[in-house]
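Visitor: Below is target_14.tsv; it holds TSV, C-alpha atoms.
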chain	number	residue	atom	x	y	z
A	28	MET	CA	0.00	0.00	0.00
A	29	ILE	CA	1.25	3.48	-0.83
A	30	SER	CA	0.56	6.46	1.39
A	31	GLY	CA	-1.97	9.12	0.46
A	32	GLU	CA	0.83	11.66	0.26
A	33	GLN	CA	2.82	9.55	-2.18
A	34	GLU	CA	-0.26	8.88	-4.30
A	35	ALA	CA	-0.94	12.62	-4.50
A	36	GLU	CA	2.66	13.27	-5.53
A	37	TRP	CA	2.49	10.68	-8.30
A	38	VAL	CA	-0.86	11.98	-9.53
A	39	PHE	CA	0.36	15.57	-9.60
A	40	TRP	CA	3.69	14.71	-11.19
A	41	GLY	CA	1.99	12.63	-13.87
A	42	VAL	CA	-0.46	15.40	-14.74
A	43	THR	CA	2.30	18.02	-14.97
A	44	THR	CA	3.91	16.05	-17.82
A	45	ASP	CA	0.82	16.57	-19.97
A	46	SER	CA	1.91	19.33	-22.34
A	47	PRO	CA	-1.43	21.22	-22.66
A	48	VAL	CA	-1.47	21.89	-18.89
A	49	ALA	CA	2.25	21.80	-18.07
A	50	GLY	CA	3.73	25.02	-16.74
A	51	HIS	CA	0.47	26.34	-15.28
A	52	PRO	CA	-0.70	26.54	-11.67
A	53	LEU	CA	-3.03	23.56	-11.33
A	54	LEU	CA	-5.86	22.31	-9.20
A	55	VAL	CA	-5.92	18.58	-9.88
A	56	LEU	CA	-9.02	16.58	-9.02
A	57	LYS	CA	-8.87	12.79	-8.88
A	58	VAL	CA	-12.35	11.40	-8.32
A	59	GLY	CA	-12.28	7.81	-7.08
A	60	GLY	CA	-14.88	5.37	-5.88
A	61	GLY	CA	-14.63	6.20	-2.19
A	62	SER	CA	-12.87	9.57	-2.07
A	63	THR	CA	-11.77	12.56	-4.11
A	64	GLU	CA	-8.24	13.94	-4.00
A	65	PHE	CA	-7.63	17.69	-4.34
A	66	ILE	CA	-4.06	18.70	-5.23
A	67	LEU	CA	-3.03	22.32	-5.72
A	68	GLY	CA	0.42	23.21	-7.01
A	69	GLU	CA	2.71	24.45	-9.74
A	70	ARG	CA	6.14	23.77	-11.24
A	71	GLY	CA	6.57	20.50	-9.35
A	72	PHE	CA	5.61	21.98	-5.98
A	73	ILE	CA	2.49	20.88	-4.11
A	74	HIS	CA	0.95	23.73	-2.11
A	75	PHE	CA	-2.10	21.82	-0.85
A	76	ARG	CA	-3.30	18.24	-0.82
A	77	ARG	CA	-6.36	16.76	0.81
A	78	SER	CA	-8.60	13.74	0.36
A	79	PHE	CA	-12.32	14.10	1.04
A	80	PRO	CA	-14.82	11.24	1.59
A	81	LEU	CA	-16.54	12.04	-1.68
A	82	GLY	CA	-16.43	9.24	-4.25
A	83	THR	CA	-18.61	7.95	-7.05
A	84	VAL	CA	-19.52	4.63	-5.42
A	85	ARG	CA	-19.97	6.23	-2.00
A	86	LEU	CA	-22.29	8.91	-3.37
A	87	LEU	CA	-24.24	6.42	-5.47
A	88	GLU	CA	-24.89	4.35	-2.33
A	89	ILE	CA	-26.03	7.44	-0.43
A	90	LEU	CA	-28.38	8.77	-3.11
A	91	ARG	CA	-29.62	5.51	-4.68
A	92	PRO	CA	-31.26	7.14	-7.73
A	93	SER	CA	-34.00	5.27	-9.54
A	94	ASP	CA	-33.54	3.83	-13.02
A	95	PRO	CA	-34.04	5.93	-14.99
A	96	PRO	CA	-33.09	8.70	-12.57
A	97	SER	CA	-35.90	11.14	-11.88
A	98	ALA	CA	-35.62	14.91	-12.03
A	99	ASP	CA	-35.89	14.90	-8.23
A	100	ASP	CA	-32.92	12.50	-8.03
A	101	LEU	CA	-30.72	15.01	-9.84
A	102	VAL	CA	-32.00	17.89	-7.73
A	103	ARG	CA	-31.23	15.88	-4.59
A	104	CYS	CA	-27.73	15.02	-5.85
A	105	ARG	CA	-26.91	18.63	-6.66
A	106	ARG	CA	-28.24	19.80	-3.30
A	107	TRP	CA	-26.21	17.16	-1.44
A	108	LEU	CA	-23.03	18.16	-3.28
A	109	LYS	CA	-23.61	21.87	-2.74
A	110	GLU	CA	-24.00	21.31	1.00
A	111	PHE	CA	-20.93	19.05	1.12
A	112	PHE	CA	-18.72	21.54	-0.71
A	113	CYS	CA	-19.94	24.37	1.51
A	114	ARG	CA	-19.44	22.40	4.73
A	115	ALA	CA	-16.35	20.28	4.06
A	116	VAL	CA	-14.43	21.43	1.00
A	117	ARG	CA	-14.63	25.22	0.86
A	118	PRO	CA	-13.22	25.88	4.38
A	119	LYS	CA	-10.14	23.79	3.54
A	120	LEU	CA	-9.60	24.69	-0.11
A	121	GLN	CA	-10.49	28.39	-0.22
A	122	PRO	CA	-7.48	29.67	1.80
A	123	PRO	CA	-4.79	28.07	-0.41
A	124	LEU	CA	-6.75	29.03	-3.53
A	125	GLY	CA	-6.62	32.63	-2.33
A	126	SER	CA	-2.84	32.57	-2.77
A	127	PHE	CA	-3.41	32.28	-6.52
A	128	CYS	CA	-5.89	35.14	-6.73
A	129	GLY	CA	-5.40	37.14	-9.90
A	130	ARG	CA	-3.57	34.31	-11.67
A	131	THR	CA	-4.85	31.78	-14.19
A	132	LEU	CA	-5.40	28.51	-12.35
A	133	LYS	CA	-6.23	25.49	-14.49
A	134	LEU	CA	-8.63	22.82	-13.24
A	135	VAL	CA	-7.52	19.34	-14.32
A	136	GLY	CA	-9.45	16.13	-13.79
A	137	THR	CA	-7.76	12.75	-13.86
A	138	GLY	CA	-8.99	9.22	-13.31
A	139	GLY	CA	-11.91	7.24	-14.70
A	140	ALA	CA	-14.73	9.74	-14.18
A	141	ALA	CA	-12.80	12.60	-15.79
A	142	ALA	CA	-11.65	10.47	-18.73
A	143	THR	CA	-15.21	9.26	-19.31
A	144	LEU	CA	-16.50	12.83	-19.39
A	145	ALA	CA	-13.88	13.77	-21.99
A	146	ARG	CA	-14.66	10.73	-24.15
A	147	LEU	CA	-18.38	11.38	-23.98
A	148	HIS	CA	-17.73	14.97	-24.97
A	149	VAL	CA	-15.89	14.10	-28.17
A	150	GLY	CA	-17.57	10.74	-28.84
A	151	MET	CA	-14.45	8.62	-28.47
A	152	ILE	CA	-14.02	4.96	-27.58
A	153	GLY	CA	-10.79	3.78	-25.96
A	154	GLN	CA	-7.61	5.71	-26.68
A	155	ALA	CA	-7.83	8.89	-28.71
A	156	ALA	CA	-5.38	9.98	-31.37
A	157	GLU	CA	-4.89	13.16	-29.35
A	158	PRO	CA	-4.36	13.35	-25.58
A	159	LEU	CA	-7.52	13.84	-23.53
A	160	SER	CA	-6.14	17.18	-22.36
A	161	ALA	CA	-6.54	18.45	-25.93
A	162	HIS	CA	-10.33	18.37	-25.40
A	163	PRO	CA	-11.20	20.58	-22.40
A	164	LEU	CA	-14.84	20.97	-21.40
A	165	THR	CA	-16.49	24.25	-20.51
A	166	ALA	CA	-18.68	24.49	-17.42
A	167	GLN	CA	-21.72	24.55	-19.70
A	168	GLN	CA	-20.58	21.39	-21.47
A	169	VAL	CA	-20.05	19.57	-18.17
A	170	SER	CA	-23.55	20.56	-17.04
A	171	ALA	CA	-24.96	19.43	-20.39
A	172	GLN	CA	-23.35	16.01	-19.90
A	173	VAL	CA	-24.82	15.81	-16.39
A	174	GLU	CA	-28.30	16.60	-17.68
A	175	ARG	CA	-27.92	14.10	-20.52
A	176	LEU	CA	-26.65	11.24	-18.35
A	177	TRP	CA	-29.18	11.72	-15.56
A	178	ALA	CA	-32.04	11.64	-18.09
A	179	LEU	CA	-31.16	8.18	-19.43
A	180	PRO	CA	-31.81	4.71	-18.01
A	181	LEU	CA	-28.81	2.43	-17.50
A	182	ALA	CA	-29.71	0.36	-20.58
A	183	GLN	CA	-29.32	3.45	-22.77
A	184	ARG	CA	-26.26	4.85	-21.01
A	185	VAL	CA	-24.26	1.69	-21.75
A	186	LYS	CA	-24.81	2.33	-25.47
A	187	LEU	CA	-23.29	5.82	-25.42
A	188	VAL	CA	-20.09	6.21	-27.41
A	189	GLY	CA	-17.25	6.77	-24.97
A	190	LEU	CA	-18.95	5.23	-21.93
A	191	SER	CA	-17.97	1.71	-20.86
A	192	ALA	CA	-20.53	-0.56	-19.22
A	193	GLN	CA	-18.41	-0.62	-16.05
A	194	LYS	CA	-18.71	3.17	-15.68
A	195	ALA	CA	-22.35	3.55	-16.72
A	196	ASP	CA	-23.66	3.72	-13.14
A	197	VAL	CA	-20.88	5.62	-11.34
A	198	ILE	CA	-20.61	8.28	-14.06
A	199	LEU	CA	-23.81	9.83	-12.67
A	200	PRO	CA	-22.24	11.04	-9.40
A	201	GLY	CA	-18.83	11.38	-11.08
A	202	ALA	CA	-20.05	13.97	-13.58
A	203	ALA	CA	-22.07	15.74	-10.89
A	204	ILE	CA	-18.98	16.10	-8.66
A	205	PHE	CA	-17.10	17.97	-11.39
A	206	GLU	CA	-20.14	20.13	-12.09
A	207	ALA	CA	-20.47	21.02	-8.40
A	208	LEU	CA	-16.81	21.98	-8.05
A	209	MET	CA	-16.86	24.15	-11.16
A	210	GLU	CA	-19.98	25.93	-9.98
A	211	ASP	CA	-18.84	26.39	-6.39
A	212	PHE	CA	-15.38	27.74	-7.27
A	213	ALA	CA	-16.34	29.45	-10.56
A	214	PHE	CA	-14.12	27.42	-12.88
A	215	ASP	CA	-14.98	28.01	-16.53
A	216	GLU	CA	-13.09	25.05	-17.98
A	217	LEU	CA	-12.10	21.50	-17.10
A	218	ALA	CA	-9.03	19.94	-18.69
A	219	VAL	CA	-8.69	16.16	-18.51
A	220	SER	CA	-5.38	14.33	-18.27
A	221	ALA	CA	-4.70	10.64	-18.75
A	222	ASN	CA	-1.23	11.12	-17.23
A	223	GLY	CA	-2.20	10.36	-13.65
A	224	MET	CA	-0.78	8.25	-10.85
A	225	ARG	CA	0.62	5.41	-12.95
A	226	TYR	CA	2.43	7.82	-15.24
A	227	GLY	CA	3.87	9.70	-12.27
A	228	ALA	CA	4.98	6.43	-10.66
A	229	LEU	CA	6.78	5.42	-13.86
A	230	ILE	CA	8.61	8.75	-13.95
A	231	ALA	CA	9.58	8.38	-10.28
A	232	SER	CA	10.91	4.88	-10.98
A	233	ALA	CA	12.91	6.12	-13.95
A	234	GLU	CA	14.38	8.92	-11.84
A	235	ALA	CA	15.32	6.44	-9.11
A	236	LEU	CA	17.10	4.29	-11.69
A	237	GLY	CA	18.96	7.31	-13.01
A	238	HIS	CA	17.52	7.26	-16.51
A	239	GLY	CA	18.11	10.48	-18.38
A	240	ALA	CA	14.96	10.66	-20.45
A	241	SER	CA	11.40	9.43	-20.63
A	242	LEU	CA	8.71	9.18	-23.25
A	243	GLY	CA	6.34	12.11	-23.34
A	244	CYS	CA	2.59	11.75	-23.79
A	245	ASP	CA	3.07	12.25	-27.53
A	246	GLY	CA	5.65	9.45	-27.73
A	247	SER	CA	8.61	11.82	-28.12
A	248	GLN	CA	11.66	11.57	-25.90
A	249	ARG	CA	12.02	14.25	-23.28
A	250	PRO	CA	14.49	14.86	-20.45
A	251	LEU	CA	13.30	14.01	-16.98
A	252	PHE	CA	13.00	16.88	-14.57
A	253	GLY	CA	15.83	15.86	-12.29
A	254	ALA	CA	16.25	15.21	-8.61
A	255	SER	CA	15.79	18.89	-7.79
A	256	LEU	CA	12.12	18.62	-8.70
A	257	TRP	CA	11.38	14.99	-7.83
A	258	PRO	CA	9.67	14.23	-5.59
A	259	PRO	CA	7.39	17.29	-5.63
A	260	GLN	CA	8.48	19.61	-2.84
A	261	HIS	CA	6.21	20.63	0.04
A	262	ASP	CA	8.37	22.62	2.43
A	263	LYS	CA	10.34	24.84	0.06
A	264	ALA	CA	7.67	25.77	-2.44
A	265	PRO	CA	7.98	29.26	-3.92
A	266	LYS	CA	5.23	31.46	-2.59
A	267	PRO	CA	2.88	32.88	-5.22
A	268	PRO	CA	3.12	36.66	-5.57
A	269	PRO	CA	0.67	38.56	-3.37
A	270	HIS	CA	-2.57	39.61	-4.98
A	271	THR	CA	-2.82	43.33	-5.63
Let me see the structure of the file written as structure tokens.

Guide:
Amino acid sequence: MISGEQEAEWVFWGVTTDSPVAGHPLLVLKVGGGSTEFILGERGFIHFRRSFPLGTVRLLEILRPSDPPSADDLVRCRRWLKEFFCRAVRPKLQPPLGSFCGRTLKLVGTGGAAATLARLHVGMIGQAAEPLSAHPLTAQQVSAQVERLWALPLAQRVKLVGLSAQKADVILPGAAIFEALMEDFAFDELAVSANGMRYGALIASAEALGHGASLGCDGSQRPLFGASLWPPQHDKAPKPPPHT
């Protein structure tokens, strides 16, 4: 078993190798079955990391929507998430987010729920010719996917291009979690990265073995970032400039 801190480091490091989002301050969201990981950082430095008991399977068990979900089911889900973000997430996340006030902070989703949203958005099955991060979703597009998914019975959701049968139930709360975050913190766009924990773990292993280069997400060879940036630093992170 790896620690939550190490998992967050690998997730963040993997995402920062994805060229469309590399070099930007990032809020990375990894939605899992039992919890959701929030990671805030830039340039290899993690400023904030926290796991909340908010996962797709957990939320599905709490809400137990009908099949097909009713309009009231979606209203109840959105209300539950709004209350959870207000009570549990905002008090922890808002202070570190304030350090980036006035700067462009990119929201990046990684993991199964985020990848499914991206594939549904562009109608893809399996691996795309372009990285998932090349297809960001606007807040309106995320909400449109939520409305679409929550209006369909399971038997119809499994037929959607880009949605696997294994994700057809948990995508309901998964999509709603991203919608709730974007609404609560006023994010206009969601980028999606396939370079998550496994990719970060591979890079860490290559660094430990002293390899000088790795394959980028486009298949090209790139230099690794070096011991000065791996693992992501927590105690010597450069402070963002004060907001004026």

Visitor: Rounded to one decimal in Å, what is the spacing between CA of Glu216 (chain A) and CA of Leu176 (chain A)?

Guide: 19.4 Å

Visitor: Could you please determine the separation between CA of Ala203 (chain A) and CA of Gly50 (chain A) in Å, to one decimal place?

Guide: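 CA of Ala203 (chain A) sits 28.0 Å away from CA of Gly50 (chain A).
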
Visitor: So which one's closest to Glu88 (chain A), A:Gly138, A:Pro122, A:Pro158, A:Gly60? Using all atoms listed in the file, please.

Guide: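 Among the listed residues, A:Gly60 lies closest to Glu88 (chain A).
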
Visitor: May I ask which of the residues A:Leu124, A:Ile89, A:Leu190, A:Leu134 is the closest one to His148 (chain A), counting only C-alpha atoms?

Guide: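 That would be A:Leu190, the residue with the smallest distance to His148 (chain A).
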
Visitor: Using CA of Leu53 (chain A) and CA of Gly68 (chain A) as the two end points, give the distance in Å to one decimal.

Guide: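 We find that CA of Leu53 (chain A) and CA of Gly68 (chain A) lie 5.5 Å from each other.
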
Visitor: Do a neighbour search on Thr83 (chain A) at 12 Å with only C-alpha atoms, toss out local chain neighbours closer than 3 positions, and write the hits as an MDAnalysis selection string.

Guide: chainID A and resid 57:63 79:80 86:91 104 108 138:141 194:205

Visitor: Hey, what's within 9 Å of Phe112 (chain A) if we count only C-alpha atoms and toss same-chain stuff fewer than 4 positions away? As a list of chain:residue names, please?

Guide: A:Trp107, A:Leu108, A:Val116, A:Arg117, A:Pro118, A:Ala207, A:Leu208, A:Asp211

Visitor: For Ala213 (chain A), which residue among A:Leu181, A:Ala145, A:Leu132, A:Val38 is the nearest when counting all atoms listed in the file?

Guide: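 Of the candidates, the smallest distance to Ala213 (chain A) is held by A:Leu132.
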
Visitor: Would you mind telling me which residue in A:Lys109, A:Arg130, A:Arg103, A:Lys119 lies nearest to Ile66 (chain A) when using only C-alpha atoms?

Guide: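 Of A:Lys109, A:Arg130, A:Arg103, A:Lys119, the one nearest Ile66 (chain A), counting only C-alpha atoms, is A:Lys119.
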
Visitor: Counting all atoms listed in the file, which residue out of A:Leu187, A:Val55, A:Val219, A:Leu101 sits closest to His162 (chain A)?

Guide: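 Counting all atoms listed in the file, the residue closest to His162 (chain A) is A:Val219.
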
Visitor: When you count only C-alpha atoms, which of these residues is closest to Pro95 (chain A): A:Ala178, A:Ala192, A:Val149, A:Ile73?

Guide: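 Of all the options, A:Ala178 lies closest to Pro95 (chain A).
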
Visitor: From the structure block, carefully write region 91-106 of chain A out with all heavy atoms; format it as a compact mmCIF listing (two decimals), in the first residue's frame.

Guide:
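Now in result.txt:
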# COMPACT_ATOMS: atom_id res chain seq x y z
N ARG A 91 -28.81 6.59 -4.12
CA ARG A 91 -29.62 5.51 -4.68
C ARG A 91 -30.69 6.03 -5.65
O ARG A 91 -31.90 5.87 -5.41
CB ARG A 91 -30.27 4.69 -3.57
CG ARG A 91 -29.26 3.99 -2.67
CD ARG A 91 -29.92 3.04 -1.68
NE ARG A 91 -28.94 2.39 -0.84
CZ ARG A 91 -28.25 1.29 -1.18
NH1 ARG A 91 -28.47 0.74 -2.36
NH2 ARG A 91 -27.37 0.75 -0.36
N PRO A 92 -30.27 6.64 -6.76
CA PRO A 92 -31.26 7.14 -7.73
C PRO A 92 -32.01 5.99 -8.39
O PRO A 92 -31.51 4.87 -8.48
CB PRO A 92 -30.39 7.90 -8.75
CG PRO A 92 -29.05 7.25 -8.64
CD PRO A 92 -28.88 6.88 -7.21
N SER A 93 -33.20 6.28 -8.85
CA SER A 93 -34.00 5.27 -9.54
C SER A 93 -33.44 5.06 -10.95
O SER A 93 -32.53 5.77 -11.39
CB SER A 93 -35.46 5.72 -9.62
OG SER A 93 -35.55 6.98 -10.29
N ASP A 94 -33.96 4.08 -11.65
CA ASP A 94 -33.54 3.83 -13.02
C ASP A 94 -34.78 3.81 -13.92
O ASP A 94 -35.59 2.89 -13.82
CB ASP A 94 -32.80 2.49 -13.12
CG ASP A 94 -32.22 2.25 -14.51
OD1 ASP A 94 -31.85 3.25 -15.17
OD2 ASP A 94 -32.15 1.08 -14.94
N PRO A 95 -34.95 4.80 -14.79
CA PRO A 95 -34.04 5.93 -14.99
C PRO A 95 -34.12 6.93 -13.83
O PRO A 95 -35.14 6.99 -13.14
CB PRO A 95 -34.57 6.57 -16.28
CG PRO A 95 -36.02 6.25 -16.29
CD PRO A 95 -36.13 4.87 -15.69
N PRO A 96 -33.05 7.70 -13.64
CA PRO A 96 -33.09 8.70 -12.57
C PRO A 96 -34.21 9.72 -12.82
O PRO A 96 -34.46 10.10 -13.96
CB PRO A 96 -31.71 9.37 -12.66
CG PRO A 96 -30.86 8.39 -13.39
CD PRO A 96 -31.76 7.70 -14.35
N SER A 97 -34.85 10.13 -11.76
CA SER A 97 -35.90 11.14 -11.88
C SER A 97 -35.29 12.53 -11.79
O SER A 97 -34.13 12.70 -11.38
CB SER A 97 -36.93 10.96 -10.76
OG SER A 97 -36.34 11.25 -9.50
N ALA A 98 -36.08 13.53 -12.16
CA ALA A 98 -35.62 14.91 -12.03
C ALA A 98 -35.32 15.23 -10.57
O ALA A 98 -34.37 15.96 -10.26
CB ALA A 98 -36.67 15.86 -12.59
N ASP A 99 -36.12 14.68 -9.66
CA ASP A 99 -35.89 14.90 -8.23
C ASP A 99 -34.58 14.27 -7.77
O ASP A 99 -33.92 14.79 -6.87
CB ASP A 99 -37.05 14.33 -7.42
CG ASP A 99 -38.30 15.19 -7.51
OD1 ASP A 99 -38.19 16.35 -7.93
OD2 ASP A 99 -39.40 14.68 -7.17
N ASP A 100 -34.20 13.14 -8.38
CA ASP A 100 -32.92 12.50 -8.03
C ASP A 100 -31.76 13.44 -8.32
O ASP A 100 -30.83 13.57 -7.52
CB ASP A 100 -32.74 11.20 -8.82
CG ASP A 100 -33.61 10.07 -8.32
OD1 ASP A 100 -33.94 10.06 -7.11
OD2 ASP A 100 -33.96 9.19 -9.13
N LEU A 101 -31.79 14.09 -9.48
CA LEU A 101 -30.72 15.01 -9.84
C LEU A 101 -30.73 16.23 -8.94
O LEU A 101 -29.67 16.70 -8.50
CB LEU A 101 -30.84 15.43 -11.31
CG LEU A 101 -29.79 16.42 -11.82
CD1 LEU A 101 -28.38 15.93 -11.55
CD2 LEU A 101 -29.99 16.70 -13.31
N VAL A 102 -31.90 16.75 -8.64
CA VAL A 102 -32.00 17.89 -7.73
C VAL A 102 -31.41 17.53 -6.37
O VAL A 102 -30.65 18.30 -5.76
CB VAL A 102 -33.47 18.34 -7.57
CG1 VAL A 102 -33.61 19.33 -6.42
CG2 VAL A 102 -33.97 18.95 -8.87
N ARG A 103 -31.72 16.33 -5.89
CA ARG A 103 -31.23 15.88 -4.59
C ARG A 103 -29.70 15.71 -4.61
O ARG A 103 -29.01 16.06 -3.65
CB ARG A 103 -31.91 14.56 -4.23
CG ARG A 103 -31.66 14.05 -2.82
CD ARG A 103 -32.75 13.06 -2.41
NE ARG A 103 -32.89 12.00 -3.41
CZ ARG A 103 -32.27 10.82 -3.34
NH1 ARG A 103 -31.46 10.56 -2.33
NH2 ARG A 103 -32.46 9.90 -4.26
N CYS A 104 -29.17 15.19 -5.71
CA CYS A 104 -27.73 15.02 -5.85
C CYS A 104 -27.03 16.37 -5.83
O CYS A 104 -26.03 16.56 -5.12
CB CYS A 104 -27.41 14.27 -7.14
SG CYS A 104 -25.64 14.08 -7.48
N ARG A 105 -27.53 17.31 -6.60
CA ARG A 105 -26.91 18.63 -6.66
C ARG A 105 -26.99 19.34 -5.31
O ARG A 105 -26.04 20.01 -4.90
CB ARG A 105 -27.59 19.47 -7.75
CG ARG A 105 -27.15 19.10 -9.16
CD ARG A 105 -27.99 19.76 -10.22
NE ARG A 105 -27.37 19.69 -11.55
CZ ARG A 105 -28.00 19.92 -12.68
NH1 ARG A 105 -29.30 20.25 -12.67
NH2 ARG A 105 -27.37 19.83 -13.84
N ARG A 106 -28.10 19.18 -4.61
CA ARG A 106 -28.24 19.80 -3.30
C ARG A 106 -27.26 19.18 -2.30
O ARG A 106 -26.61 19.89 -1.53
CB ARG A 106 -29.67 19.64 -2.79
CG ARG A 106 -29.91 20.32 -1.43
CD ARG A 106 -31.30 20.02 -0.89
NE ARG A 106 -32.34 20.45 -1.81
CZ ARG A 106 -33.25 19.63 -2.34
NH1 ARG A 106 -33.24 18.34 -2.04
NH2 ARG A 106 -34.16 20.09 -3.16
